[in-house]
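Peer 1: What follows is the file upload.cif, containing mmCIF, C-alpha atoms and all ligand atoms; chains and numbers go by the auth columns:
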```cif
data_model
loop_
_atom_site.group_PDB
_atom_site.id
_atom_site.type_symbol
_atom_site.label_atom_id
_atom_site.label_comp_id
_atom_site.label_asym_id
_atom_site.label_seq_id
_atom_site.Cartn_x
_atom_site.Cartn_y
_atom_site.Cartn_z
_atom_site.B_iso_or_equiv
_atom_site.auth_seq_id
_atom_site.auth_asym_id
ATOM 1 C CA MET A 1 9.261 6.049 19.793 0.00 55 R
ATOM 2 C CA PRO A 2 9.901 5.405 16.084 0.00 56 R
ATOM 3 C CA LEU A 3 12.378 2.610 15.280 0.00 57 R
ATOM 4 C CA PRO A 4 15.892 3.587 14.250 0.00 58 R
ATOM 5 C CA ILE A 5 16.081 3.316 10.435 0.00 59 R
ATOM 6 C CA ARG A 6 18.595 0.531 9.818 0.00 60 R
ATOM 7 C CA PRO A 7 18.421 -2.386 7.336 0.00 61 R
ATOM 8 C CA PRO A 8 17.028 -4.980 7.095 0.00 62 R
ATOM 9 C CA PHE A 9 13.787 -3.009 7.004 0.00 63 R
ATOM 10 C CA ALA A 10 10.469 -4.248 8.356 0.00 64 R
ATOM 11 C CA LEU A 11 7.699 -3.213 5.984 0.00 65 R
ATOM 12 C CA ALA A 12 3.944 -3.082 6.477 0.00 66 R
ATOM 13 C CA LEU A 13 1.861 -4.046 3.426 0.00 67 R
ATOM 14 C CA LEU A 14 -1.825 -3.103 3.457 0.00 68 R
ATOM 15 C CA HIS A 15 -4.592 -3.901 1.016 0.00 69 R
ATOM 16 C CA GLY A 16 -7.951 -2.205 1.325 0.00 70 R
ATOM 17 C CA PRO A 17 -11.511 -3.271 0.618 0.00 71 R
ATOM 18 C CA ASN A 18 -12.421 -5.801 -2.072 0.00 72 R
ATOM 19 C CA LEU A 19 -8.813 -6.565 -2.952 0.00 73 R
ATOM 20 C CA ASN A 20 -9.394 -10.057 -1.535 0.00 74 R
ATOM 21 C CA LEU A 21 -11.417 -10.600 -4.748 0.00 75 R
ATOM 22 C CA LEU A 22 -8.367 -10.175 -6.979 0.00 76 R
ATOM 23 C CA GLY A 23 -8.016 -12.907 -9.557 0.00 77 R
ATOM 24 C CA THR A 24 -11.672 -13.883 -9.304 0.00 78 R
ATOM 25 C CA ARG A 25 -13.458 -10.981 -11.066 0.00 79 R
ATOM 26 C CA GLU A 26 -12.798 -8.016 -13.364 0.00 80 R
ATOM 27 C CA PRO A 27 -9.530 -9.444 -14.790 0.00 81 R
ATOM 28 C CA THR A 28 -9.504 -6.803 -17.543 0.00 82 R
ATOM 29 C CA VAL A 29 -9.195 -4.054 -14.933 0.00 83 R
ATOM 30 C CA TYR A 30 -7.246 -5.751 -12.139 0.00 84 R
ATOM 31 C CA GLY A 31 -5.470 -8.692 -13.795 0.00 85 R
ATOM 32 C CA ARG A 32 -5.610 -12.419 -13.112 0.00 86 R
ATOM 33 C CA ASP A 33 -3.228 -12.600 -10.164 0.00 87 R
ATOM 34 C CA THR A 34 -4.590 -13.261 -6.715 0.00 88 R
ATOM 35 C CA LEU A 35 -3.458 -11.284 -3.708 0.00 89 R
ATOM 36 C CA ALA A 36 -1.503 -14.366 -2.579 0.00 90 R
ATOM 37 C CA ASP A 37 0.320 -14.441 -5.959 0.00 91 R
ATOM 38 C CA ILE A 38 1.262 -10.782 -5.620 0.00 92 R
ATOM 39 C CA GLU A 39 2.354 -11.132 -2.007 0.00 93 R
ATOM 40 C CA ALA A 40 4.584 -14.119 -2.806 0.00 94 R
ATOM 41 C CA ARG A 41 6.392 -12.052 -5.463 0.00 95 R
ATOM 42 C CA LEU A 42 6.758 -9.130 -3.111 0.00 96 R
ATOM 43 C CA VAL A 43 8.175 -11.235 -0.295 0.00 97 R
ATOM 44 C CA ALA A 44 10.785 -12.599 -2.730 0.00 98 R
ATOM 45 C CA ALA A 45 11.577 -9.144 -4.117 0.00 99 R
ATOM 46 C CA ALA A 46 11.824 -7.563 -0.665 0.00 100 R
ATOM 47 C CA ALA A 47 14.474 -9.921 0.756 0.00 101 R
ATOM 48 C CA PRO A 48 16.448 -9.338 2.951 0.00 102 R
ATOM 49 C CA HIS A 49 13.778 -6.894 4.089 0.00 103 R
ATOM 50 C CA THR A 50 10.619 -8.390 5.580 0.00 104 R
ATOM 51 C CA LEU A 51 6.921 -7.816 4.969 0.00 105 R
ATOM 52 C CA ARG A 52 3.961 -8.186 7.297 0.00 106 R
ATOM 53 C CA SER A 53 0.614 -7.762 5.578 0.00 107 R
ATOM 54 C CA LEU A 54 -3.080 -7.188 6.108 0.00 108 R
ATOM 55 C CA GLN A 55 -6.008 -7.160 3.706 0.00 109 R
ATOM 56 C CA SER A 56 -9.170 -5.823 5.255 0.00 110 R
ATOM 57 C CA ASN A 57 -12.566 -4.663 4.110 0.00 111 R
ATOM 58 C CA HIS A 58 -12.845 -2.592 7.301 0.00 112 R
ATOM 59 C CA GLU A 59 -11.456 0.902 7.667 0.00 113 R
ATOM 60 C CA GLY A 60 -10.868 0.544 11.410 0.00 114 R
ATOM 61 C CA ALA A 61 -8.868 -2.664 11.000 0.00 115 R
ATOM 62 C CA LEU A 62 -6.562 -0.940 8.514 0.00 116 R
ATOM 63 C CA ILE A 63 -6.165 1.996 10.891 0.00 117 R
ATOM 64 C CA ASP A 64 -5.402 -0.294 13.866 0.00 118 R
ATOM 65 C CA PHE A 65 -2.768 -2.110 11.801 0.00 119 R
ATOM 66 C CA LEU A 66 -1.162 1.234 10.876 0.00 120 R
ATOM 67 C CA HIS A 67 -1.087 2.308 14.527 0.00 121 R
ATOM 68 C CA GLU A 68 0.545 -0.964 15.549 0.00 122 R
ATOM 69 C CA ALA A 69 3.007 -0.735 12.662 0.00 123 R
ATOM 70 C CA ARG A 70 4.569 2.228 14.399 0.00 124 R
ATOM 71 C CA SER A 71 6.107 -0.168 16.947 0.00 125 R
ATOM 72 C CA TRP A 72 7.629 -2.605 14.439 0.00 126 R
ATOM 73 C CA ALA A 73 7.718 -1.181 10.877 0.00 127 R
ATOM 74 C CA HIS A 74 10.099 1.194 9.128 0.00 128 R
ATOM 75 C CA GLY A 75 7.745 1.966 6.257 0.00 129 R
ATOM 76 C CA VAL A 76 4.365 1.248 4.704 0.00 130 R
ATOM 77 C CA LEU A 77 3.202 0.123 1.258 0.00 131 R
ATOM 78 C CA ILE A 78 -0.544 0.509 0.829 0.00 132 R
ATOM 79 C CA ASN A 79 -3.206 -0.071 -1.768 0.00 133 R
ATOM 80 C CA PRO A 80 -6.085 1.612 0.050 0.00 134 R
ATOM 81 C CA GLY A 81 -8.666 0.521 -2.561 0.00 135 R
ATOM 82 C CA ALA A 82 -11.693 2.798 -2.670 0.00 136 R
ATOM 83 C CA TYR A 83 -10.754 4.304 0.719 0.00 137 R
ATOM 84 C CA THR A 84 -8.217 6.266 -1.330 0.00 138 R
ATOM 85 C CA HIS A 85 -11.042 8.497 -2.476 0.00 139 R
ATOM 86 C CA SER A 86 -13.098 8.699 0.696 0.00 140 R
ATOM 87 C CA SER A 87 -11.198 8.134 3.931 0.00 141 R
ATOM 88 C CA TYR A 88 -10.056 11.113 5.950 0.00 142 R
ATOM 89 C CA ALA A 89 -9.565 8.679 8.835 0.00 143 R
ATOM 90 C CA LEU A 90 -6.995 6.642 6.910 0.00 144 R
ATOM 91 C CA ARG A 91 -5.265 9.829 5.862 0.00 145 R
ATOM 92 C CA ASP A 92 -5.065 10.979 9.488 0.00 146 R
ATOM 93 C CA ALA A 93 -3.670 7.577 10.530 0.00 147 R
ATOM 94 C CA ILE A 94 -0.920 7.697 7.876 0.00 148 R
ATOM 95 C CA SER A 95 -0.084 11.227 8.897 0.00 149 R
ATOM 96 C CA ALA A 96 -0.077 10.349 12.612 0.00 150 R
ATOM 97 C CA ILE A 97 2.267 7.352 12.449 0.00 151 R
ATOM 98 C CA GLU A 98 4.975 9.335 10.648 0.00 152 R
ATOM 99 C CA LEU A 99 6.256 6.309 8.717 0.00 153 R
ATOM 100 C CA PRO A 100 7.223 6.774 5.069 0.00 154 R
ATOM 101 C CA THR A 101 4.241 5.471 3.119 0.00 155 R
ATOM 102 C CA VAL A 102 3.934 4.657 -0.576 0.00 156 R
ATOM 103 C CA GLU A 103 0.466 4.490 -2.149 0.00 157 R
ATOM 104 C CA VAL A 104 -0.039 2.001 -4.973 0.00 158 R
ATOM 105 C CA HIS A 105 -2.866 1.155 -7.356 0.00 159 R
ATOM 106 C CA LEU A 106 -3.180 -1.648 -9.851 0.00 160 R
ATOM 107 C CA SER A 107 -5.190 0.443 -12.295 0.00 161 R
ATOM 108 C CA ASN A 108 -4.561 3.892 -13.727 0.00 162 R
ATOM 109 C CA VAL A 109 -7.168 5.656 -11.627 0.00 163 R
ATOM 110 C CA HIS A 110 -6.806 8.815 -13.736 0.00 164 R
ATOM 111 C CA ALA A 111 -8.097 6.962 -16.796 0.00 165 R
ATOM 112 C CA ARG A 112 -11.204 5.850 -14.900 0.00 166 R
ATOM 113 C CA GLU A 113 -14.267 7.515 -13.358 0.00 167 R
ATOM 114 C CA PRO A 114 -13.774 11.077 -12.071 0.00 168 R
ATOM 115 C CA PHE A 115 -14.311 10.075 -8.424 0.00 169 R
ATOM 116 C CA ARG A 116 -11.147 7.960 -8.668 0.00 170 R
ATOM 117 C CA HIS A 117 -9.018 10.921 -9.765 0.00 171 R
ATOM 118 C CA THR A 118 -8.682 12.274 -6.249 0.00 172 R
ATOM 119 C CA SER A 119 -6.588 10.631 -3.566 0.00 173 R
ATOM 120 C CA LEU A 120 -7.128 11.945 -0.053 0.00 174 R
ATOM 121 C CA LEU A 121 -4.026 10.017 0.995 0.00 175 R
ATOM 122 C CA ALA A 122 -1.509 11.212 -1.583 0.00 176 R
ATOM 123 C CA PRO A 123 -0.608 14.404 0.342 0.00 177 R
ATOM 124 C CA VAL A 124 0.546 12.368 3.354 0.00 178 R
ATOM 125 C CA CYS A 125 2.403 9.729 1.304 0.00 179 R
ATOM 126 C CA VAL A 126 5.960 9.882 -0.028 0.00 180 R
ATOM 127 C CA GLY A 127 4.565 9.161 -3.493 0.00 181 R
ATOM 128 C CA GLN A 128 2.219 7.093 -5.621 0.00 182 R
ATOM 129 C CA VAL A 129 2.702 4.303 -8.164 0.00 183 R
ATOM 130 C CA LEU A 130 -0.290 3.400 -10.307 0.00 184 R
ATOM 131 C CA GLY A 131 -1.410 1.797 -13.523 0.00 185 R
ATOM 132 C CA PHE A 132 1.135 -1.017 -13.792 0.00 186 R
ATOM 133 C CA GLY A 133 -0.997 -3.884 -12.531 0.00 187 R
ATOM 134 C CA TRP A 134 0.666 -6.020 -9.864 0.00 188 R
ATOM 135 C CA ARG A 135 3.993 -4.348 -10.736 0.00 189 R
ATOM 136 C CA SER A 136 2.712 -1.125 -9.168 0.00 190 R
ATOM 137 C CA TYR A 137 3.287 -2.951 -5.879 0.00 191 R
ATOM 138 C CA LEU A 138 6.758 -4.043 -7.008 0.00 192 R
ATOM 139 C CA PHE A 139 7.793 -0.530 -8.112 0.00 193 R
ATOM 140 C CA GLY A 140 6.238 0.890 -4.960 0.00 194 R
ATOM 141 C CA LEU A 141 8.234 -1.570 -2.875 0.00 195 R
ATOM 142 C CA HIS A 142 11.475 -0.491 -4.576 0.00 196 R
ATOM 143 C CA ALA A 143 10.557 3.164 -4.036 0.00 197 R
ATOM 144 C CA LEU A 144 9.869 2.547 -0.348 0.00 198 R
ATOM 145 C CA ILE A 145 13.138 0.675 0.187 0.00 199 R
ATOM 146 C CA ALA A 146 15.067 3.407 -1.637 0.00 200 R
ATOM 147 C CA THR A 147 13.414 6.036 0.563 0.00 201 R
ATOM 148 C CA LEU A 148 14.397 4.129 3.689 0.00 202 R
ATOM 149 C CA GLU A 149 17.961 3.664 2.417 0.00 203 R
ATOM 150 C CA ASP A 150 18.208 7.421 1.851 0.00 204 R
ATOM 151 C CA ARG A 151 16.886 8.127 5.337 0.00 205 R
ATOM 152 C CA SER A 152 19.159 5.573 6.975 0.00 206 R
ATOM 153 C CA ALA A 153 22.215 6.973 5.203 0.00 207 R
ATOM 154 C CA GLY A 154 21.306 10.545 6.063 0.00 208 R
HETATM 155 O O1 LIG B . -6.488 0.218 -8.946 0.00 1 Y
HETATM 156 C C1 LIG B . -6.483 -0.033 -7.730 0.00 1 Y
HETATM 157 O O2 LIG B . -5.611 -0.711 -7.202 0.00 1 Y
HETATM 158 C C2 LIG B . -7.637 0.462 -6.850 0.00 1 Y
HETATM 159 O O3 LIG B . -7.096 0.798 -5.577 0.00 1 Y
HETATM 160 C C3 LIG B . -8.611 -0.688 -6.729 0.00 1 Y
HETATM 161 C C4 LIG B . -9.879 -0.319 -5.967 0.00 1 Y
HETATM 162 C C5 LIG B . -10.505 0.949 -6.544 0.00 1 Y
HETATM 163 O O4 LIG B . -11.615 1.329 -5.769 0.00 1 Y
HETATM 164 C C6 LIG B . -9.512 2.090 -6.610 0.00 1 Y
HETATM 165 O O5 LIG B . -10.155 3.204 -7.206 0.00 1 Y
HETATM 166 C C7 LIG B . -8.301 1.707 -7.426 0.00 1 Y
HETATM 167 C C8 LIG B . -10.911 -1.433 -6.060 0.00 1 Y
HETATM 168 C C9 LIG B . -10.422 -2.761 -5.612 0.00 1 Y
HETATM 169 C C10 LIG B . -11.464 -3.770 -5.998 0.00 1 Y
HETATM 170 O O6 LIG B . -10.804 -4.957 -6.333 0.00 1 Y
HETATM 171 C C11 LIG B . -11.504 -5.895 -7.028 0.00 1 Y
HETATM 172 C C12 LIG B . -10.770 -6.956 -7.472 0.00 1 Y
HETATM 173 C C13 LIG B . -11.411 -7.917 -8.199 0.00 1 Y
HETATM 174 C C14 LIG B . -12.768 -7.845 -8.452 0.00 1 Y
HETATM 175 C C15 LIG B . -13.490 -6.771 -7.999 0.00 1 Y
HETATM 176 C C16 LIG B . -12.855 -5.791 -7.261 0.00 1 Y
#
```
Is it possible to express this structure as structure tokens?
Peer 2:
Amino acid sequence: MPLPIRPPFALALLHGPNLNLLGTREPTVYGRDTLADIEARLVAAAAPHTLRSLQSNHEGALIDFLHEARSWAHGVLINPGAYTHSSYALRDAISAIELPTVEVHLSNVHAREPFRHTSLLAPVCVGQVLGFGWRSYLFGLHALIATLEDRSAG
């Protein structure tokens, strides 16, 4: 049974493969912030709503976390990393759990290699935020909370 949608909202935050390397390499593409830096800002910005997060380099671990989120979360914020462009399994999981999900990317994937222009997940997400560095997460968080507020009011 899905949770009744009432604030404060419990939010699942997922980071896909290689995002544990943030802040250590490729700063021109992904910025200098670490994942811990970004998460600390998000936790502060989300209050009074709460975040529970997972970074994993394993598709199945991300899928298990999504399945479990159904029992405790109202919505999902996800940077699926390169699984964005390849994972039908992640797409099926997002579709199956029926929680509003916002997809975020640090970089503007449309200004990069052609294989990054397609998201297999976008059709099962409420929307996407991309290209704003760590603030893509922040704007995505606001979008997710606004979506939940709309659904709780209606
Ligand atoms: O822009 C994004 O947020 C991406 O989801 C990042 C993924 C990429 O495959 C997507 O196309 C767009 C890659 C994450 C790799 O993160 C690194 C961080 C630091 C150093 C190396 C990789």
Peer 1: R:Leu67, R:Leu184, R:Ala101, R:Ala94: which is nearest ligand LIG 1 (chain Y), counting all atoms listed in the file?
Peer 2: R:Leu184
Peer 1: Let me have all residues with an atom within 6 Å of ligand LIG 1 (chain Y), counting all atoms listed in the file, laid out as a PyMOL selection string.
Peer 2: chain R and resi 72-73+75-76+79-80+84+133-136+159-161+163+170
Peer 1: Residues as selected, C-alpha atoms, written as a PDB file, in the frame of the given file, can you do that?
Peer 2:
```pdb
ATOM      1  CA  ASN R  72     -12.421  -5.801  -2.072  1.00  0.00           C
ATOM      2  CA  LEU R  73      -8.813  -6.565  -2.952  1.00  0.00           C
ATOM      3  CA  LEU R  75     -11.417 -10.600  -4.748  1.00  0.00           C
ATOM      4  CA  LEU R  76      -8.367 -10.175  -6.979  1.00  0.00           C
ATOM      5  CA  ARG R  79     -13.458 -10.981 -11.066  1.00  0.00           C
ATOM      6  CA  GLU R  80     -12.798  -8.016 -13.364  1.00  0.00           C
ATOM      7  CA  TYR R  84      -7.246  -5.751 -12.139  1.00  0.00           C
ATOM      8  CA  ASN R 133      -3.206  -0.071  -1.768  1.00  0.00           C
ATOM      9  CA  PRO R 134      -6.085   1.612   0.050  1.00  0.00           C
ATOM     10  CA  GLY R 135      -8.666   0.521  -2.561  1.00  0.00           C
ATOM     11  CA  ALA R 136     -11.693   2.798  -2.670  1.00  0.00           C
ATOM     12  CA  HIS R 159      -2.866   1.155  -7.356  1.00  0.00           C
ATOM     13  CA  LEU R 160      -3.180  -1.648  -9.851  1.00  0.00           C
ATOM     14  CA  SER R 161      -5.190   0.443 -12.295  1.00  0.00           C
ATOM     15  CA  VAL R 163      -7.168   5.656 -11.627  1.00  0.00           C
ATOM     16  CA  ARG R 170     -11.147   7.960  -8.668  1.00  0.00           C
TER      17      ARG R 170
END
```
Peer 1: If the PyMOL selection byres (((chain R and resi 195) around 8) and not hetatm) were run on this exact file, what residues would it hold? Put them as a PyMOL selection string.
Peer 2: chain R and resi 96+100+131+156+191-194+196-199
Peer 1: What is the CA of Ala176 (chain R) to CA of Glu113 (chain R) distance in Å?
Peer 2: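 Value for the CA of Ala176 (chain R)-CA of Glu113 (chain R) distance: 17.1 Å.
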Peer 1: Extract, using only C-alpha atoms, all DNA, RNA and protein residues at most 9 Å from Asn162 (chain R), discarding same-chain residues fewer than 3 positions from it, and format them as a short mmCIF file (atom, residue, chain, number, x, y, z; two decimals) with C-alpha atoms, keeping the file's coordinate frame.
Peer 2:
```cif
data_model
loop_
_atom_site.label_atom_id
_atom_site.label_comp_id
_atom_site.auth_asym_id
_atom_site.auth_seq_id
_atom_site.Cartn_x
_atom_site.Cartn_y
_atom_site.Cartn_z
CA HIS R 159 -2.87 1.16 -7.36
CA ALA R 165 -8.10 6.96 -16.80
CA ARG R 166 -11.20 5.85 -14.90
CA LEU R 184 -0.29 3.40 -10.31
CA GLY R 185 -1.41 1.80 -13.52
CA PHE R 186 1.14 -1.02 -13.79
CA GLY R 187 -1.00 -3.88 -12.53
#
```
Peer 1: Which of these, R:Leu174, R:Ala127, R:Leu144, R:Val158, has the shortest distance to Arg189 (chain R) once you count all atoms listed in the file?
Peer 2: R:Val158
Peer 1: Figure out the distance between CA of Arg86 (chain R) and CA of Leu68 (chain R), please, to one decimal in Å.
Peer 2: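 If I compute the distance from CA of Leu68 (chain R) to CA of Arg86 (chain R), I get 19.4 Å.
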Peer 1: Evaluate the PyMOL selection byres (((chain R and resi 60) around 10) and not hetatm) against this structure - the residues, as a list of chain:residue names, please.
Peer 2: R:Leu57, R:Pro58, R:Ile59, R:Pro61, R:Pro62, R:Phe63, R:Ala64, R:His128, R:Leu202, R:Glu203, R:Arg205, R:Ser206, R:Ala207
